[in-house]
file target_38.cif (mmCIF, N, CA and C atoms; chains and numbers go by the auth columns)
data_data
loop_
_atom_site.group_PDB
_atom_site.id
_atom_site.type_symbol
_atom_site.label_atom_id
_atom_site.label_comp_id
_atom_site.label_asym_id
_atom_site.label_seq_id
_atom_site.Cartn_x
_atom_site.Cartn_y
_atom_site.Cartn_z
_atom_site.B_iso_or_equiv
_atom_site.auth_seq_id
_atom_site.auth_asym_id
ATOM 1 N N MET A 1 25.411 -5.568 6.402 0.00 833 A
ATOM 2 C CA MET A 1 24.005 -5.579 6.105 0.00 833 A
ATOM 3 C C MET A 1 23.576 -4.207 5.621 0.00 833 A
ATOM 4 N N GLY A 2 22.722 -4.174 4.610 0.00 834 A
ATOM 5 C CA GLY A 2 22.291 -2.911 4.018 0.00 834 A
ATOM 6 C C GLY A 2 21.017 -2.376 4.631 0.00 834 A
ATOM 7 N N PHE A 3 20.732 -1.189 4.259 0.00 835 A
ATOM 8 C CA PHE A 3 19.523 -0.493 4.689 0.00 835 A
ATOM 9 C C PHE A 3 18.538 -0.558 3.533 0.00 835 A
ATOM 10 N N HIS A 4 17.410 -1.208 3.749 0.00 836 A
ATOM 11 C CA HIS A 4 16.423 -1.427 2.690 0.00 836 A
ATOM 12 C C HIS A 4 15.338 -0.364 2.760 0.00 836 A
ATOM 13 N N LYS A 5 15.283 0.480 1.707 0.00 837 A
ATOM 14 C CA LYS A 5 14.210 1.482 1.640 0.00 837 A
ATOM 15 C C LYS A 5 13.328 1.145 0.452 0.00 837 A
ATOM 16 N N ARG A 6 12.092 1.591 0.521 0.00 838 A
ATOM 17 C CA ARG A 6 11.145 1.312 -0.558 0.00 838 A
ATOM 18 C C ARG A 6 10.339 2.569 -0.859 0.00 838 A
ATOM 19 N N PHE A 7 10.248 2.878 -2.157 0.00 839 A
ATOM 20 C CA PHE A 7 9.388 3.961 -2.623 0.00 839 A
ATOM 21 C C PHE A 7 8.006 3.372 -2.840 0.00 839 A
ATOM 22 N N VAL A 8 6.989 3.988 -2.242 0.00 840 A
ATOM 23 C CA VAL A 8 5.628 3.473 -2.333 0.00 840 A
ATOM 24 C C VAL A 8 4.736 4.564 -2.934 0.00 840 A
ATOM 25 N N SER A 9 4.013 4.189 -3.991 0.00 841 A
ATOM 26 C CA SER A 9 3.114 5.132 -4.654 0.00 841 A
ATOM 27 C C SER A 9 1.791 4.444 -4.963 0.00 841 A
ATOM 28 N N LYS A 10 0.857 5.216 -5.468 0.00 842 A
ATOM 29 C CA LYS A 10 -0.440 4.683 -5.883 0.00 842 A
ATOM 30 C C LYS A 10 -0.232 3.533 -6.871 0.00 842 A
ATOM 31 N N ASP A 11 0.638 3.753 -7.851 0.00 843 A
ATOM 32 C CA ASP A 11 0.887 2.730 -8.876 0.00 843 A
ATOM 33 C C ASP A 11 1.467 1.452 -8.279 0.00 843 A
ATOM 34 N N THR A 12 2.409 1.591 -7.365 0.00 844 A
ATOM 35 C CA THR A 12 3.019 0.423 -6.730 0.00 844 A
ATOM 36 C C THR A 12 1.973 -0.385 -5.966 0.00 844 A
ATOM 37 N N ILE A 13 1.136 0.316 -5.228 0.00 845 A
ATOM 38 C CA ILE A 13 0.106 -0.350 -4.429 0.00 845 A
ATOM 39 C C ILE A 13 -0.906 -1.044 -5.335 0.00 845 A
ATOM 40 N N GLU A 14 -1.378 -0.336 -6.367 0.00 846 A
ATOM 41 C CA GLU A 14 -2.362 -0.936 -7.274 0.00 846 A
ATOM 42 C C GLU A 14 -1.791 -2.169 -7.971 0.00 846 A
ATOM 43 N N ARG A 15 -0.556 -2.071 -8.444 0.00 847 A
ATOM 44 C CA ARG A 15 0.081 -3.206 -9.112 0.00 847 A
ATOM 45 C C ARG A 15 0.188 -4.397 -8.155 0.00 847 A
ATOM 46 N N HIS A 16 0.589 -4.108 -6.939 0.00 848 A
ATOM 47 C CA HIS A 16 0.759 -5.147 -5.925 0.00 848 A
ATOM 48 C C HIS A 16 -0.568 -5.866 -5.654 0.00 848 A
ATOM 49 N N LEU A 17 -1.627 -5.096 -5.482 0.00 849 A
ATOM 50 C CA LEU A 17 -2.935 -5.677 -5.168 0.00 849 A
ATOM 51 C C LEU A 17 -3.522 -6.418 -6.375 0.00 849 A
ATOM 52 N N LYS A 18 -3.329 -5.882 -7.570 0.00 850 A
ATOM 53 C CA LYS A 18 -3.851 -6.546 -8.773 0.00 850 A
ATOM 54 C C LYS A 18 -3.178 -7.894 -9.004 0.00 850 A
ATOM 55 N N GLU A 19 -1.914 -8.001 -8.623 0.00 851 A
ATOM 56 C CA GLU A 19 -1.179 -9.259 -8.777 0.00 851 A
ATOM 57 C C GLU A 19 -1.534 -10.260 -7.686 0.00 851 A
ATOM 58 N N GLY A 20 -2.383 -9.846 -6.750 0.00 852 A
ATOM 59 C CA GLY A 20 -2.819 -10.748 -5.687 0.00 852 A
ATOM 60 C C GLY A 20 -1.791 -10.949 -4.585 0.00 852 A
ATOM 61 N N ARG A 21 -0.824 -10.048 -4.518 0.00 853 A
ATOM 62 C CA ARG A 21 0.200 -10.150 -3.469 0.00 853 A
ATOM 63 C C ARG A 21 -0.243 -9.380 -2.238 0.00 853 A
ATOM 64 N N SER A 22 0.153 -9.845 -1.097 0.00 854 A
ATOM 65 C CA SER A 22 -0.234 -9.238 0.177 0.00 854 A
ATOM 66 C C SER A 22 0.523 -7.930 0.403 0.00 854 A
ATOM 67 N N LEU A 23 -0.124 -7.007 1.085 0.00 855 A
ATOM 68 C CA LEU A 23 0.561 -5.778 1.461 0.00 855 A
ATOM 69 C C LEU A 23 1.684 -6.049 2.456 0.00 855 A
ATOM 70 N N ASP A 24 1.631 -7.197 3.127 0.00 856 A
ATOM 71 C CA ASP A 24 2.733 -7.587 4.020 0.00 856 A
ATOM 72 C C ASP A 24 4.046 -7.606 3.249 0.00 856 A
ATOM 73 N N ASP A 25 4.007 -8.100 2.013 0.00 857 A
ATOM 74 C CA ASP A 25 5.208 -8.161 1.189 0.00 857 A
ATOM 75 C C ASP A 25 5.701 -6.768 0.814 0.00 857 A
ATOM 76 N N LEU A 26 4.761 -5.879 0.518 0.00 858 A
ATOM 77 C CA LEU A 26 5.122 -4.518 0.117 0.00 858 A
ATOM 78 C C LEU A 26 5.757 -3.753 1.271 0.00 858 A
ATOM 79 N N PHE A 27 5.255 -3.968 2.470 0.00 859 A
ATOM 80 C CA PHE A 27 5.718 -3.192 3.611 0.00 859 A
ATOM 81 C C PHE A 27 6.796 -3.906 4.430 0.00 859 A
ATOM 82 N N LYS A 28 7.636 -4.678 3.749 0.00 860 A
ATOM 83 C CA LYS A 28 8.815 -5.275 4.383 0.00 860 A
ATOM 84 C C LYS A 28 10.025 -4.450 3.962 0.00 860 A
ATOM 85 N N ALA A 29 10.378 -3.490 4.760 0.00 861 A
ATOM 86 C CA ALA A 29 11.546 -2.642 4.487 0.00 861 A
ATOM 87 C C ALA A 29 11.919 -1.910 5.772 0.00 861 A
ATOM 88 N N ASP A 30 13.093 -1.319 5.764 0.00 862 A
ATOM 89 C CA ASP A 30 13.539 -0.548 6.924 0.00 862 A
ATOM 90 C C ASP A 30 12.969 0.865 6.920 0.00 862 A
ATOM 91 N N ALA A 31 12.713 1.388 5.713 0.00 863 A
ATOM 92 C CA ALA A 31 12.192 2.754 5.592 0.00 863 A
ATOM 93 C C ALA A 31 11.306 2.840 4.358 0.00 863 A
ATOM 94 N N PHE A 32 10.353 3.751 4.402 0.00 864 A
ATOM 95 C CA PHE A 32 9.443 3.963 3.279 0.00 864 A
ATOM 96 C C PHE A 32 9.471 5.419 2.871 0.00 864 A
ATOM 97 N N ILE A 33 9.372 5.638 1.568 0.00 865 A
ATOM 98 C CA ILE A 33 9.238 6.977 1.024 0.00 865 A
ATOM 99 C C ILE A 33 7.911 6.978 0.281 0.00 865 A
ATOM 100 N N PHE A 34 6.940 7.681 0.845 0.00 866 A
ATOM 101 C CA PHE A 34 5.604 7.704 0.269 0.00 866 A
ATOM 102 C C PHE A 34 5.531 8.826 -0.757 0.00 866 A
ATOM 103 N N MET A 35 5.137 8.460 -1.966 0.00 867 A
ATOM 104 C CA MET A 35 5.157 9.380 -3.091 0.00 867 A
ATOM 105 C C MET A 35 3.862 10.177 -3.248 0.00 867 A
ATOM 106 N N ASP A 36 2.802 9.775 -2.556 0.00 868 A
ATOM 107 C CA ASP A 36 1.528 10.482 -2.685 0.00 868 A
ATOM 108 C C ASP A 36 0.659 10.215 -1.467 0.00 868 A
ATOM 109 N N GLY A 37 -0.467 10.901 -1.409 0.00 869 A
ATOM 110 C CA GLY A 37 -1.379 10.783 -0.270 0.00 869 A
ATOM 111 C C GLY A 37 -1.978 9.402 -0.123 0.00 869 A
ATOM 112 N N LEU A 38 -2.287 8.750 -1.248 0.00 870 A
ATOM 113 C CA LEU A 38 -2.866 7.411 -1.187 0.00 870 A
ATOM 114 C C LEU A 38 -1.903 6.445 -0.503 0.00 870 A
ATOM 115 N N ALA A 39 -0.636 6.515 -0.864 0.00 871 A
ATOM 116 C CA ALA A 39 0.363 5.625 -0.269 0.00 871 A
ATOM 117 C C ALA A 39 0.451 5.841 1.245 0.00 871 A
ATOM 118 N N SER A 40 0.424 7.090 1.668 0.00 872 A
ATOM 119 C CA SER A 40 0.463 7.389 3.111 0.00 872 A
ATOM 120 C C SER A 40 -0.769 6.849 3.814 0.00 872 A
ATOM 121 N N ASP A 41 -1.933 7.029 3.195 0.00 873 A
ATOM 122 C CA ASP A 41 -3.173 6.524 3.790 0.00 873 A
ATOM 123 C C ASP A 41 -3.155 5.006 3.898 0.00 873 A
ATOM 124 N N VAL A 42 -2.705 4.343 2.845 0.00 874 A
ATOM 125 C CA VAL A 42 -2.651 2.876 2.862 0.00 874 A
ATOM 126 C C VAL A 42 -1.736 2.405 3.995 0.00 874 A
ATOM 127 N N TRP A 43 -0.616 3.057 4.190 0.00 875 A
ATOM 128 C CA TRP A 43 0.291 2.689 5.282 0.00 875 A
ATOM 129 C C TRP A 43 -0.407 2.840 6.635 0.00 875 A
ATOM 130 N N ARG A 44 -1.122 3.940 6.834 0.00 876 A
ATOM 131 C CA ARG A 44 -1.831 4.143 8.116 0.00 876 A
ATOM 132 C C ARG A 44 -2.875 3.054 8.343 0.00 876 A
ATOM 133 N N TRP A 45 -3.633 2.723 7.284 0.00 877 A
ATOM 134 C CA TRP A 45 -4.644 1.677 7.401 0.00 877 A
ATOM 135 C C TRP A 45 -4.004 0.327 7.679 0.00 877 A
ATOM 136 N N TYR A 46 -2.897 0.061 7.016 0.00 878 A
ATOM 137 C CA TYR A 46 -2.167 -1.187 7.215 0.00 878 A
ATOM 138 C C TYR A 46 -1.682 -1.284 8.669 0.00 878 A
ATOM 139 N N GLU A 47 -1.140 -0.209 9.192 0.00 879 A
ATOM 140 C CA GLU A 47 -0.647 -0.180 10.572 0.00 879 A
ATOM 141 C C GLU A 47 -1.764 -0.345 11.591 0.00 879 A
ATOM 142 N N LYS A 48 -2.982 0.089 11.237 0.00 880 A
ATOM 143 C CA LYS A 48 -4.127 -0.082 12.132 0.00 880 A
ATOM 144 C C LYS A 48 -4.638 -1.513 12.131 0.00 880 A
ATOM 145 N N GLY A 49 -4.142 -2.333 11.202 0.00 881 A
ATOM 146 C CA GLY A 49 -4.529 -3.733 11.180 0.00 881 A
ATOM 147 C C GLY A 49 -5.632 -4.072 10.195 0.00 881 A
ATOM 148 N N LEU A 50 -5.974 -3.154 9.301 0.00 882 A
ATOM 149 C CA LEU A 50 -6.995 -3.462 8.295 0.00 882 A
ATOM 150 C C LEU A 50 -6.473 -4.539 7.345 0.00 882 A
ATOM 151 N N THR A 51 -7.377 -5.384 6.877 0.00 883 A
ATOM 152 C CA THR A 51 -6.990 -6.434 5.930 0.00 883 A
ATOM 153 C C THR A 51 -6.795 -5.819 4.548 0.00 883 A
ATOM 154 N N ASP A 52 -6.185 -6.584 3.660 0.00 884 A
ATOM 155 C CA ASP A 52 -5.998 -6.110 2.291 0.00 884 A
ATOM 156 C C ASP A 52 -7.339 -5.788 1.638 0.00 884 A
ATOM 157 N N GLU A 53 -8.343 -6.607 1.889 0.00 885 A
ATOM 158 C CA GLU A 53 -9.673 -6.378 1.307 0.00 885 A
ATOM 159 C C GLU A 53 -10.292 -5.090 1.839 0.00 885 A
ATOM 160 N N GLU A 54 -10.149 -4.841 3.131 0.00 886 A
ATOM 161 C CA GLU A 54 -10.676 -3.604 3.715 0.00 886 A
ATOM 162 C C GLU A 54 -9.960 -2.388 3.126 0.00 886 A
ATOM 163 N N ILE A 55 -8.669 -2.516 2.908 0.00 887 A
ATOM 164 C CA ILE A 55 -7.894 -1.423 2.329 0.00 887 A
ATOM 165 C C ILE A 55 -8.319 -1.183 0.884 0.00 887 A
ATOM 166 N N LYS A 56 -8.538 -2.248 0.120 0.00 888 A
ATOM 167 C CA LYS A 56 -9.014 -2.101 -1.262 0.00 888 A
ATOM 168 C C LYS A 56 -10.334 -1.337 -1.292 0.00 888 A
ATOM 169 N N THR A 57 -11.233 -1.681 -0.375 0.00 889 A
ATOM 170 C CA THR A 57 -12.533 -1.010 -0.302 0.00 889 A
ATOM 171 C C THR A 57 -12.358 0.470 0.009 0.00 889 A
ATOM 172 N N LYS A 58 -11.490 0.795 0.962 0.00 890 A
ATOM 173 C CA LYS A 58 -11.248 2.192 1.314 0.00 890 A
ATOM 174 C C LYS A 58 -10.635 2.959 0.143 0.00 890 A
ATOM 175 N N ILE A 59 -9.738 2.324 -0.592 0.00 891 A
ATOM 176 C CA ILE A 59 -9.129 2.975 -1.749 0.00 891 A
ATOM 177 C C ILE A 59 -10.202 3.302 -2.778 0.00 891 A
ATOM 178 N N LYS A 60 -11.045 2.328 -3.063 0.00 892 A
ATOM 179 C CA LYS A 60 -12.118 2.556 -4.038 0.00 892 A
ATOM 180 C C LYS A 60 -13.034 3.685 -3.595 0.00 892 A
ATOM 181 N N LYS A 61 -13.370 3.672 -2.312 0.00 893 A
ATOM 182 C CA LYS A 61 -14.311 4.656 -1.777 0.00 893 A
ATOM 183 C C LYS A 61 -13.702 6.063 -1.776 0.00 893 A
ATOM 184 N N GLN A 62 -12.458 6.187 -1.348 0.00 894 A
ATOM 185 C CA GLN A 62 -11.873 7.513 -1.166 0.00 894 A
ATOM 186 C C GLN A 62 -11.131 8.036 -2.386 0.00 894 A
ATOM 187 N N TYR A 63 -10.621 7.132 -3.213 0.00 895 A
ATOM 188 C CA TYR A 63 -9.804 7.592 -4.334 0.00 895 A
ATOM 189 C C TYR A 63 -10.369 7.205 -5.688 0.00 895 A
ATOM 190 N N ASP A 64 -11.449 6.417 -5.705 0.00 896 A
ATOM 191 C CA ASP A 64 -12.099 6.004 -6.934 0.00 896 A
ATOM 192 C C ASP A 64 -11.089 5.486 -7.967 0.00 896 A
ATOM 193 N N THR A 65 -10.291 4.491 -7.548 0.00 897 A
ATOM 194 C CA THR A 65 -9.298 3.907 -8.448 0.00 897 A
ATOM 195 C C THR A 65 -9.798 2.592 -8.994 0.00 897 A
ATOM 196 N N LYS A 66 -8.981 1.965 -9.795 0.00 898 A
ATOM 197 C CA LYS A 66 -9.353 0.701 -10.424 0.00 898 A
ATOM 198 C C LYS A 66 -8.897 -0.518 -9.632 0.00 898 A
ATOM 199 N N SER A 67 -8.416 -0.353 -8.413 0.00 899 A
ATOM 200 C CA SER A 67 -7.975 -1.501 -7.611 0.00 899 A
ATOM 201 C C SER A 67 -9.129 -2.428 -7.367 0.00 899 A
ATOM 202 N N GLU A 68 -8.873 -3.715 -7.547 0.00 900 A
ATOM 203 C CA GLU A 68 -9.940 -4.707 -7.366 0.00 900 A
ATOM 204 C C GLU A 68 -9.576 -5.678 -6.278 0.00 900 A
#

call {"tool": "encode", "arguments": {"input": "target_38.cif", "output": "structure tokens"}}
result
Amino acid sequence: MGFHKRFVSKDTIERHLKEGRSLDDLFKADAFIFMDGLASDVWRWYEKGLTDEEIKTKIKKQYDTKSE
């Protein structure tokens, strides 16, 4: 069995959310390598139990991105 790692960045998160996929799918791995501050923040919010919609709102508020 292999060790599954995932690189997570602002672009990865935005693409994932725009495609309507759950963050549950993104955060299925053995290890994560966060490429920027937004990715780290999203992971913390996800771990606290925030919904995808709540996370989208926080991203818009704190990072002023195009995530919808």

call {"tool": "atom_distance", "arguments": {"input": "target_38.cif", "atom1": "CA of Leu858 in chain A", "atom2": "CA of Tyr895 in chain A"}}
result
19.7 Å

call {"tool": "select_by_dssp", "arguments": {"input": "target_38.cif", "residues": "chain A", "states": "alpha helix (DSSP H)", "output": "PyMOL selection string"}}
result
chain A and resi 842-850+855-858+869-879+884-895

call {"tool": "atom_distance", "arguments": {"input": "target_38.cif", "atom1": "CA of Leu870 in chain A", "atom2": "atom C of Lys842 in chain A"}}
result
7.4 Å

call {"tool": "atom_distance", "arguments": {"input": "target_38.cif", "atom1": "CA of Ala861 in chain A", "atom2": "CA of Ile887 in chain A"}}
result
19.6 Å

call {"tool": "residues_around", "arguments": {"input": "target_38.cif", "residues": "Phe864 in chain A", "least_positions_apart": "4", "cutoff": "9 Å", "atoms": "only C-alpha atoms", "output": "mmCIF file with N, CA and C atoms, in the coordinates of the input"}}
result
data_model
loop_
_atom_site.group_PDB
_atom_site.id
_atom_site.type_symbol
_atom_site.label_atom_id
_atom_site.label_comp_id
_atom_site.auth_asym_id
_atom_site.auth_seq_id
_atom_site.Cartn_x
_atom_site.Cartn_y
_atom_site.Cartn_z
ATOM 1 N N HIS A 836 17.410 -1.208 3.749
ATOM 2 C CA HIS A 836 16.423 -1.427 2.690
ATOM 3 C C HIS A 836 15.338 -0.364 2.760
ATOM 4 N N LYS A 837 15.283 0.480 1.707
ATOM 5 C CA LYS A 837 14.210 1.482 1.640
ATOM 6 C C LYS A 837 13.328 1.145 0.452
ATOM 7 N N ARG A 838 12.092 1.591 0.521
ATOM 8 C CA ARG A 838 11.145 1.312 -0.558
ATOM 9 C C ARG A 838 10.339 2.569 -0.859
ATOM 10 N N PHE A 839 10.248 2.878 -2.157
ATOM 11 C CA PHE A 839 9.388 3.961 -2.623
ATOM 12 C C PHE A 839 8.006 3.372 -2.840
ATOM 13 N N VAL A 840 6.989 3.988 -2.242
ATOM 14 C CA VAL A 840 5.628 3.473 -2.333
ATOM 15 C C VAL A 840 4.736 4.564 -2.934
ATOM 16 N N PHE A 859 5.255 -3.968 2.470
ATOM 17 C CA PHE A 859 5.718 -3.192 3.611
ATOM 18 C C PHE A 859 6.796 -3.906 4.430
#

call {"tool": "closest_residue", "arguments": {"input": "target_38.cif", "among": "A:Gly834, A:Glu846, A:Lys890, A:Ser841", "to": "Trp877 in chain A", "atoms": "only C-alpha atoms"}}
result
A:Lys890

call {"tool": "residues_near_point", "arguments": {"input": "target_38.cif", "point": "(-0.1, 0.3, -7.4)", "cutoff": "12 Å", "atoms": "only C-alpha atoms", "output": "list in words"}}
result
Phe839, Val840, Ser841, Lys842, Asp843, Thr844, Ile845, Glu846, Arg847, His848, Leu849, Lys850, Glu851, Gly852, Arg853, Leu855, Leu858, Met867, Asp868, Leu870, Ala871, Val874, Lys888, Ile891, Thr897, Lys898, Ser899 and Glu900 of chain A

call {"tool": "axis_aligned_box", "arguments": {"input": "target_38.cif", "around": "range 844-859 of chain A", "padding_each_side": "4 Å", "output": "JSON"}}
result
{"center_x": 1.5, "center_y": -4.7, "center_z": -2.3, "size_x": 18.6, "size_y": 20.5, "size_z": 21.5}

call {"tool": "select_by_dssp", "arguments": {"input": "target_38.cif", "residues": "chain A", "states": "strand (DSSP E or B)", "output": "list in words"}}
result
Lys837, Arg838, Phe839, Val840, Ala863, Phe864, Ile865 and Phe866 of chain A
